[in-house]
>>> print(open('run-v5.csv').read())   # CSV, C-alpha atoms and all ligand atoms
chain,number,residue,atom,x,y,z
A,1,MET,CA,103.3,104.8,76.2
A,2,PRO,CA,99.8,103.9,77.4
A,3,VAL,CA,99.4,103.1,81.1
A,4,LEU,CA,99.8,99.4,82.1
A,5,VAL,CA,97.1,97.9,84.3
A,6,ALA,CA,98.0,95.1,86.8
A,7,PRO,CA,95.0,93.6,88.6
A,8,SER,CA,96.0,92.4,92.0
A,9,ILE,CA,94.9,88.8,92.5
A,10,LEU,CA,95.0,89.3,96.3
A,11,SER,CA,91.4,90.6,95.9
A,12,ALA,CA,90.2,87.6,93.9
A,13,ASP,CA,88.1,84.8,95.2
A,14,PHE,CA,90.7,82.2,95.9
A,15,SER,CA,88.1,79.4,95.6
A,16,HIS,CA,87.7,80.4,92.0
A,17,LEU,CA,91.3,81.4,91.1
A,18,LYS,CA,91.1,79.9,87.7
A,19,ALA,CA,88.0,82.0,86.9
A,20,ALA,CA,89.9,85.1,88.0
A,21,THR,CA,92.9,84.1,86.0
A,22,ASP,CA,90.8,83.6,82.9
A,23,MET,CA,89.1,87.0,83.4
A,24,ILE,CA,92.5,88.7,83.5
A,25,ASN,CA,93.7,86.8,80.5
A,26,GLU,CA,90.6,87.8,78.5
A,27,SER,CA,90.7,91.4,79.7
A,28,GLU,CA,92.8,94.4,78.5
A,29,ALA,CA,95.0,94.0,81.6
A,30,ASP,CA,98.7,93.9,81.0
A,31,TRP,CA,100.1,92.1,84.0
A,32,PHE,CA,99.0,89.9,86.9
A,33,HIS,CA,100.0,91.7,90.2
A,34,VAL,CA,100.9,89.0,92.7
A,35,ASP,CA,101.2,90.1,96.4
A,36,VAL,CA,103.4,87.8,98.5
A,37,MET,CA,103.2,88.6,102.3
A,38,ASP,CA,105.1,86.8,105.0
A,39,GLY,CA,103.4,88.0,108.2
A,40,VAL,CA,106.7,89.6,109.4
A,41,PHE,CA,107.3,92.5,107.1
A,42,VAL,CA,103.6,93.1,106.9
A,43,PRO,CA,100.9,92.1,109.4
A,44,ASN,CA,99.3,89.7,107.0
A,45,ILE,CA,100.1,86.4,105.2
A,46,SER,CA,98.9,85.9,101.7
A,47,PHE,CA,100.3,83.0,99.7
A,48,GLY,CA,103.5,81.5,98.4
A,49,PHE,CA,104.9,79.2,95.8
A,50,PRO,CA,102.1,76.6,95.4
A,51,VAL,CA,99.7,79.4,94.4
A,52,MET,CA,102.3,81.1,92.2
A,53,LYS,CA,102.8,77.8,90.4
A,54,SER,CA,99.1,77.4,89.8
A,55,LEU,CA,99.0,80.9,88.4
A,56,GLN,CA,102.0,80.2,86.2
A,57,LYS,CA,100.1,77.4,84.6
A,58,HIS,CA,97.2,79.4,83.5
A,59,ALA,CA,98.3,83.1,83.3
A,60,LYS,CA,99.0,84.3,79.8
A,61,LYS,CA,100.4,87.6,80.9
A,62,ILE,CA,103.4,88.7,82.9
A,63,LEU,CA,103.5,87.8,86.6
A,64,ASP,CA,104.5,91.0,88.4
A,65,VAL,CA,105.4,89.8,91.9
A,66,HIS,CA,105.5,92.2,94.8
A,67,LEU,CA,107.4,90.8,97.7
A,68,MET,CA,106.3,92.1,101.1
A,69,ILE,CA,108.7,89.8,102.9
A,70,VAL,CA,111.9,90.1,104.9
A,71,GLU,CA,115.2,88.6,103.5
A,72,PRO,CA,113.9,88.4,99.9
A,73,ASP,CA,117.3,87.4,98.6
A,74,ARG,CA,116.7,83.9,99.9
A,75,TYR,CA,113.9,83.3,97.4
A,76,ILE,CA,114.9,85.1,94.2
A,77,GLU,CA,115.6,81.9,92.3
A,78,SER,CA,112.5,80.2,93.5
A,79,PHE,CA,110.3,83.1,92.5
A,80,HIS,CA,111.8,83.0,89.0
A,81,LYS,CA,111.1,79.3,88.8
A,82,SER,CA,107.5,79.9,89.9
A,83,GLY,CA,106.9,82.2,87.0
A,84,ALA,CA,107.8,85.7,88.1
A,85,ALA,CA,108.9,88.0,85.2
A,86,ASN,CA,109.1,91.1,87.4
A,87,LEU,CA,110.3,90.9,91.0
A,88,THR,CA,109.8,93.9,93.3
A,89,VAL,CA,111.4,94.0,96.8
A,90,HIS,CA,110.8,96.6,99.5
A,91,TYR,CA,113.4,99.3,100.2
A,92,GLU,CA,112.6,98.9,103.9
A,93,ALA,CA,113.3,95.1,103.8
A,94,CYS,CA,116.7,95.2,102.1
A,95,THR,CA,120.0,96.1,103.8
A,96,HIS,CA,121.9,95.6,100.6
A,97,LEU,CA,119.4,96.7,98.1
A,98,HIS,CA,121.9,97.2,95.3
A,99,ARG,CA,123.1,93.6,95.6
A,100,THR,CA,119.5,92.3,95.7
A,101,ILE,CA,118.4,94.3,92.6
A,102,HIS,CA,121.4,92.9,90.7
A,103,ALA,CA,120.7,89.4,91.9
A,104,ILE,CA,117.1,89.7,90.5
A,105,LYS,CA,118.4,91.0,87.2
A,106,HIS,CA,121.1,88.2,87.1
A,107,GLU,CA,118.3,85.7,87.4
A,108,GLY,CA,116.7,87.2,84.2
A,109,MET,CA,113.9,89.2,85.8
A,110,LYS,CA,113.0,92.8,85.8
A,111,ALA,CA,113.9,94.3,89.1
A,112,GLY,CA,111.7,96.7,91.1
A,113,VAL,CA,112.0,98.5,94.4
A,114,ALA,CA,108.9,99.4,96.4
A,115,ILE,CA,108.7,102.3,98.9
A,116,ASN,CA,106.2,102.5,101.8
A,117,PRO,CA,104.2,105.7,102.3
A,118,HIS,CA,106.7,107.1,104.8
A,119,THR,CA,109.8,106.4,102.7
A,120,SER,CA,111.1,109.4,100.9
A,121,VAL,CA,111.7,109.3,97.1
A,122,SER,CA,115.1,111.0,97.7
A,123,LEU,CA,116.4,107.8,99.3
A,124,LEU,CA,116.3,106.2,95.8
A,125,GLU,CA,118.9,108.6,94.3
A,126,ASN,CA,121.6,106.0,94.4
A,127,ILE,CA,119.6,103.1,93.1
A,128,ILE,CA,117.3,104.7,90.5
A,129,CYS,CA,119.5,103.9,87.5
A,130,ASP,CA,119.7,100.2,88.5
A,131,VAL,CA,115.9,99.5,88.8
A,132,ASP,CA,113.4,98.8,86.1
A,133,ILE,CA,110.4,99.7,88.3
A,134,VAL,CA,109.7,101.9,91.3
A,135,LEU,CA,106.5,100.7,93.1
A,136,VAL,CA,105.1,103.6,95.1
A,137,MET,CA,102.8,102.3,97.9
A,138,SER,CA,99.8,104.5,98.1
A,139,VAL,CA,98.5,102.6,101.2
A,140,ASN,CA,100.4,100.9,104.0
A,141,PRO,CA,101.2,97.4,102.6
A,142,GLY,CA,99.4,94.4,103.9
A,143,PHE,CA,95.8,94.5,102.8
A,144,GLY,CA,93.7,95.2,99.8
A,145,GLY,CA,90.8,97.6,99.8
A,146,GLN,CA,92.4,100.4,101.8
A,147,LYS,CA,92.0,104.2,101.3
A,148,PHE,CA,94.4,105.9,98.9
A,149,ILE,CA,96.9,108.2,100.6
A,150,GLN,CA,96.8,111.6,98.9
A,151,HIS,CA,100.4,112.5,99.6
A,152,THR,CA,101.3,109.9,96.9
A,153,PHE,CA,100.7,112.5,94.2
A,154,ASP,CA,103.5,114.5,95.5
A,155,LYS,CA,105.8,111.5,95.6
A,156,VAL,CA,105.0,110.6,92.0
A,157,LEU,CA,105.8,114.1,90.8
A,158,ARG,CA,109.1,114.0,92.7
A,159,LEU,CA,109.9,110.5,91.5
A,160,LYS,CA,109.3,111.5,87.9
A,161,GLN,CA,111.7,114.4,88.3
A,162,LEU,CA,114.3,112.1,89.8
A,163,ILE,CA,114.0,109.7,86.9
A,164,ILE,CA,114.3,112.5,84.4
A,165,ASP,CA,117.2,114.1,86.2
A,166,SER,CA,119.2,110.9,86.4
A,167,SER,CA,118.2,109.6,82.9
A,168,SER,CA,116.8,106.5,84.5
A,169,LYS,CA,114.5,104.1,82.5
A,170,ALA,CA,112.6,103.2,85.6
A,171,LYS,CA,108.8,102.9,85.3
A,172,ILE,CA,106.5,104.2,88.1
A,173,GLU,CA,104.0,101.7,89.5
A,174,ILE,CA,101.3,102.8,91.9
A,175,ASP,CA,99.9,100.2,94.3
A,176,GLY,CA,97.0,100.7,96.8
A,177,GLY,CA,93.6,102.3,96.6
A,178,VAL,CA,93.8,103.0,92.9
A,179,ASP,CA,90.2,103.6,91.7
A,180,LEU,CA,88.2,105.0,88.8
A,181,ASP,CA,88.6,108.6,90.2
A,182,ASN,CA,92.3,108.8,90.9
A,183,ALA,CA,93.5,106.8,87.9
A,184,LEU,CA,93.6,109.8,85.5
A,185,PRO,CA,95.3,112.2,87.9
A,186,LEU,CA,97.8,109.5,88.7
A,187,ILE,CA,98.6,109.0,85.0
A,188,ARG,CA,98.9,112.7,84.6
A,189,ALA,CA,101.3,112.9,87.5
A,190,GLY,CA,103.6,110.3,85.9
A,191,ALA,CA,102.3,106.8,86.7
A,192,ASP,CA,103.2,104.2,84.1
A,193,ILE,CA,101.6,101.2,85.8
A,194,LEU,CA,98.4,101.0,87.9
A,195,VAL,CA,97.8,98.1,90.3
A,196,ALA,CA,94.2,97.6,91.2
A,197,GLY,CA,92.7,95.0,93.5
A,198,ASN,CA,89.4,96.1,95.0
A,199,THR,CA,88.5,98.4,92.1
A,200,VAL,CA,88.6,95.4,89.7
A,201,PHE,CA,87.4,92.5,91.8
A,202,SER,CA,84.5,94.3,93.6
A,203,SER,CA,83.3,95.7,90.3
A,204,PRO,CA,80.1,94.1,88.9
A,205,ASN,CA,82.0,94.1,85.6
A,206,PRO,CA,85.8,93.6,86.3
A,207,LYS,CA,86.7,93.6,82.6
A,208,GLU,CA,85.0,97.0,82.2
A,209,ALA,CA,86.8,98.3,85.2
A,210,ILE,CA,90.1,97.2,83.7
A,211,LYS,CA,89.2,98.8,80.4
A,212,PHE,CA,88.4,102.1,82.2
A,213,LEU,CA,91.7,102.1,84.1
A,214,LYS,CA,93.6,101.6,80.8
A,215,ASP,CA,92.0,104.6,79.3
A,216,PRO,CA,90.3,106.8,81.9
A,217,LEU,CA,90.0,109.9,79.7
B,1,LIG,C1,98.7,95.9,99.4
B,1,LIG,C2,99.1,95.2,98.1
B,1,LIG,C3,98.3,95.7,97.0
B,1,LIG,C4,96.8,95.5,97.1
B,1,LIG,C5,96.1,96.5,96.3
B,1,LIG,O1,99.7,95.6,100.3
B,1,LIG,O2,100.4,95.5,97.8
B,1,LIG,O3,98.7,95.2,95.8
B,1,LIG,O4,96.4,94.2,96.7
B,1,LIG,O5,94.7,96.4,96.5
B,1,LIG,P1,93.7,97.6,96.4
B,1,LIG,O6,93.8,98.0,95.0
B,1,LIG,O7,92.4,97.0,96.8
B,1,LIG,O8,94.2,98.7,97.3
B,2,ZN,ZN,101.1,95.0,95.7
>>> encode(input="run-v5.csv", output="structure tokens")
Amino acid sequence: MPVLVAPSILSADFSHLKAATDMINESEADWFHVDVMDGVFVPNISFGFPVMKSLQKHAKKILDVHLMIVEPDRYIESFHKSGAANLTVHYEACTHLHRTIHAIKHEGMKAGVAINPHTSVSLLENIICDVDIVLVMSVNPGFGGQKFIQHTFDKVLRLKQLIIDSSSKAKIEIDGGVDLDNALPLIRAGADILVAGNTVFSSPNPKEAIKFLKDPL
């Protein structure tokens, strides 16, 4: 399966969100990556439902929502109503992750679990068969434009092995510092989905950057 590319609208110019949305619609991108931050789980606040609802109106592709918030269970239904097709919660933010993952699926969305750079892949052993997506954070969550953490390659290889060994159907999503140089090695290591904020939105030609990430050979 070809790699999926999910531009992160966190890096877009919010005063021209419609233009960013149109650009993604017209590009070869597969998903919109939507980063929701609460200022508690991460040291930054991004946006919430009003922005999601505006996106929902104009986005013609899947909204892949990455929750960097505490107590995500409280908002599962609201995110679905705001257009989320994929909902990813953090391993570190969920005391009852199994319950949360199944609540997301029950609501009709694909369910993802995200792991911070310090969280070991082996901790996913007992949830890997329940999730649709594992989002591997390749920076510490909270901000766009950070430097890619090299140790991620190791984690992707281990995660791929865990998925194979457990016959899981989970897809591997990489988020943070993905650029034109590390895209191909990440795909070769086992990445199925690449999130890219800065690489797309700081490019003089965002659509070309997306095209390259889709096929960096
Ligand atoms: C960081 C977010 C990322 C971020 C990626 O906490 O989860 O999705 O927007 O941005 P870049 O690609 O610029 O690192
Ligand atoms: Zn993200």
>>> closest_residue(input="run-v5.csv", among="A:Ile210, A:Ile9, A:Val70, A:Ala170", to="ligand LIG 1 (chain B)", atoms="only C-alpha atoms and all ligand atoms")
A:Ile9
>>> closest_atom_pairs(input="run-v5.csv", of="chain A", to="ligand ZN 2 (chain B)", cutoff="12 Å", atoms="all atoms listed in the file", output="Markdown table")
| residue | atom | partner | partner_atom | distance |
| --- | --- | --- | --- | --- |
| A:Ala6 | CA | B:ZN2 | ZN | 9.4 |
| A:Pro7 | CA | B:ZN2 | ZN | 9.5 |
| A:Ser8 | CA | B:ZN2 | ZN | 6.8 |
| A:Ile9 | CA | B:ZN2 | ZN | 9.3 |
| A:Leu10 | CA | B:ZN2 | ZN | 8.4 |
| A:Ser11 | CA | B:ZN2 | ZN | 10.7 |
| A:Phe32 | CA | B:ZN2 | ZN | 10.4 |
| A:His33 | CA | B:ZN2 | ZN | 6.5 |
| A:Val34 | CA | B:ZN2 | ZN | 6.7 |
| A:Asp35 | CA | B:ZN2 | ZN | 5.0 |
| A:Val36 | CA | B:ZN2 | ZN | 8.1 |
| A:Met37 | CA | B:ZN2 | ZN | 9.4 |
| A:Val42 | CA | B:ZN2 | ZN | 11.6 |
| A:Ser46 | CA | B:ZN2 | ZN | 11.1 |
| A:Leu63 | CA | B:ZN2 | ZN | 11.8 |
| A:Asp64 | CA | B:ZN2 | ZN | 9.0 |
| A:Val65 | CA | B:ZN2 | ZN | 7.7 |
| A:His66 | CA | B:ZN2 | ZN | 5.3 |
| A:Leu67 | CA | B:ZN2 | ZN | 7.8 |
| A:Met68 | CA | B:ZN2 | ZN | 8.0 |
| A:Ile69 | CA | B:ZN2 | ZN | 11.7 |
| A:Leu87 | CA | B:ZN2 | ZN | 11.1 |
| A:Thr88 | CA | B:ZN2 | ZN | 9.1 |
| A:Val89 | CA | B:ZN2 | ZN | 10.4 |
| A:His90 | CA | B:ZN2 | ZN | 10.5 |
| A:Gly112 | CA | B:ZN2 | ZN | 11.7 |
| A:Val113 | CA | B:ZN2 | ZN | 11.5 |
| A:Ala114 | CA | B:ZN2 | ZN | 9.0 |
| A:Ile115 | CA | B:ZN2 | ZN | 11.0 |
| A:Asn116 | CA | B:ZN2 | ZN | 10.9 |
| A:Val134 | CA | B:ZN2 | ZN | 11.9 |
| A:Leu135 | CA | B:ZN2 | ZN | 8.3 |
| A:Val136 | CA | B:ZN2 | ZN | 9.5 |
| A:Met137 | CA | B:ZN2 | ZN | 7.8 |
| A:Ser138 | CA | B:ZN2 | ZN | 9.9 |
| A:Val139 | CA | B:ZN2 | ZN | 9.7 |
| A:Asn140 | CA | B:ZN2 | ZN | 10.2 |
| A:Pro141 | CA | B:ZN2 | ZN | 7.3 |
| A:Gly142 | CA | B:ZN2 | ZN | 8.4 |
| A:Phe143 | CA | B:ZN2 | ZN | 8.9 |
| A:Gly144 | CA | B:ZN2 | ZN | 8.5 |
| A:Gly145 | CA | B:ZN2 | ZN | 11.4 |
| A:Gln146 | CA | B:ZN2 | ZN | 11.9 |
| A:Glu173 | CA | B:ZN2 | ZN | 9.6 |
| A:Ile174 | CA | B:ZN2 | ZN | 8.7 |
| A:Asp175 | CA | B:ZN2 | ZN | 5.5 |
| A:Gly176 | CA | B:ZN2 | ZN | 7.1 |
| A:Gly177 | CA | B:ZN2 | ZN | 10.5 |
| A:Val178 | CA | B:ZN2 | ZN | 11.2 |
| A:Ile193 | CA | B:ZN2 | ZN | 11.7 |
| A:Leu194 | CA | B:ZN2 | ZN | 10.2 |
| A:Val195 | CA | B:ZN2 | ZN | 7.0 |
| A:Ala196 | CA | B:ZN2 | ZN | 8.6 |
| A:Gly197 | CA | B:ZN2 | ZN | 8.7 |
| A:Asn198 | CA | B:ZN2 | ZN | 11.8 |
>>> closest_residue(input="run-v5.csv", among="A:Ser82, A:Ile62, A:Asp22, A:Ile104", to="A:Gly48", atoms="all atoms listed in the file")
A:Ser82
>>> closest_residue(input="run-v5.csv", among="A:Val131, A:Val3, A:Ile149, A:Glu125", to="A:Arg188", atoms="all atoms listed in the file")
A:Val3
>>> atom_distance(input="run-v5.csv", atom1="atom CA of A:Lys211", atom2="atom CA of A:His80")
28.9 Å
>>> atom_distance(input="run-v5.csv", atom1="atom P1 of ligand LIG 1 (chain B)", atom2="atom CA of A:Ala19")
19.1 Å
>>> atom_distance(input="run-v5.csv", atom1="atom CA of A:Thr119", atom2="atom CA of A:Glu92")
8.1 Å
>>> residues_near_point(input="run-v5.csv", point="(94.4, 113.9, 91.7)", cutoff="12 Å", atoms="all atoms listed in the file", output="PyMOL selection string")
chain A and resi 148-154+156-157+178-191
>>> residues_near_point(input="run-v5.csv", point="(92.2, 84.9, 80.5)", cutoff="12 Å", atoms="all atoms listed in the file", output="PDB file with C-alpha atoms, keeping the file's coordinate frame")
ATOM      1  CA  LEU A  17      91.300  81.400  91.100  1.00  0.00           C
ATOM      2  CA  LYS A  18      91.100  79.900  87.700  1.00  0.00           C
ATOM      3  CA  ALA A  19      88.000  82.000  86.900  1.00  0.00           C
ATOM      4  CA  ALA A  20      89.900  85.100  88.000  1.00  0.00           C
ATOM      5  CA  THR A  21      92.900  84.100  86.000  1.00  0.00           C
ATOM      6  CA  ASP A  22      90.800  83.600  82.900  1.00  0.00           C
ATOM      7  CA  MET A  23      89.100  87.000  83.400  1.00  0.00           C
ATOM      8  CA  ILE A  24      92.500  88.700  83.500  1.00  0.00           C
ATOM      9  CA  ASN A  25      93.700  86.800  80.500  1.00  0.00           C
ATOM     10  CA  GLU A  26      90.600  87.800  78.500  1.00  0.00           C
ATOM     11  CA  SER A  27      90.700  91.400  79.700  1.00  0.00           C
ATOM     12  CA  GLU A  28      92.800  94.400  78.500  1.00  0.00           C
ATOM     13  CA  ALA A  29      95.000  94.000  81.600  1.00  0.00           C
ATOM     14  CA  ASP A  30      98.700  93.900  81.000  1.00  0.00           C
ATOM     15  CA  TRP A  31     100.100  92.100  84.000  1.00  0.00           C
ATOM     16  CA  PHE A  32      99.000  89.900  86.900  1.00  0.00           C
ATOM     17  CA  LEU A  55      99.000  80.900  88.400  1.00  0.00           C
ATOM     18  CA  LYS A  57     100.100  77.400  84.600  1.00  0.00           C
ATOM     19  CA  HIS A  58      97.200  79.400  83.500  1.00  0.00           C
ATOM     20  CA  ALA A  59      98.300  83.100  83.300  1.00  0.00           C
ATOM     21  CA  LYS A  60      99.000  84.300  79.800  1.00  0.00           C
ATOM     22  CA  LYS A  61     100.400  87.600  80.900  1.00  0.00           C
ATOM     23  CA  LYS A 207      86.700  93.600  82.600  1.00  0.00           C
TER      24      LYS A 207
END
>>> closest_residue(input="run-v5.csv", among="A:Ala84, A:Leu124, A:Ile163, A:Ile76", to="A:Lys53", atoms="all atoms listed in the file")
A:Ala84
>>> closest_residue(input="run-v5.csv", among="A:Lys169, A:Lys214, A:Arg158, A:Lys147", to="ligand LIG 1 (chain B)", atoms="all atoms listed in the file")
A:Lys147
>>> residues_around(input="run-v5.csv", residues="A:Gly108", least_positions_apart="3", cutoff="10 Å", atoms="only C-alpha atoms", output="PyMOL selection string")
chain A and resi 77+80+84-86+102-105+111
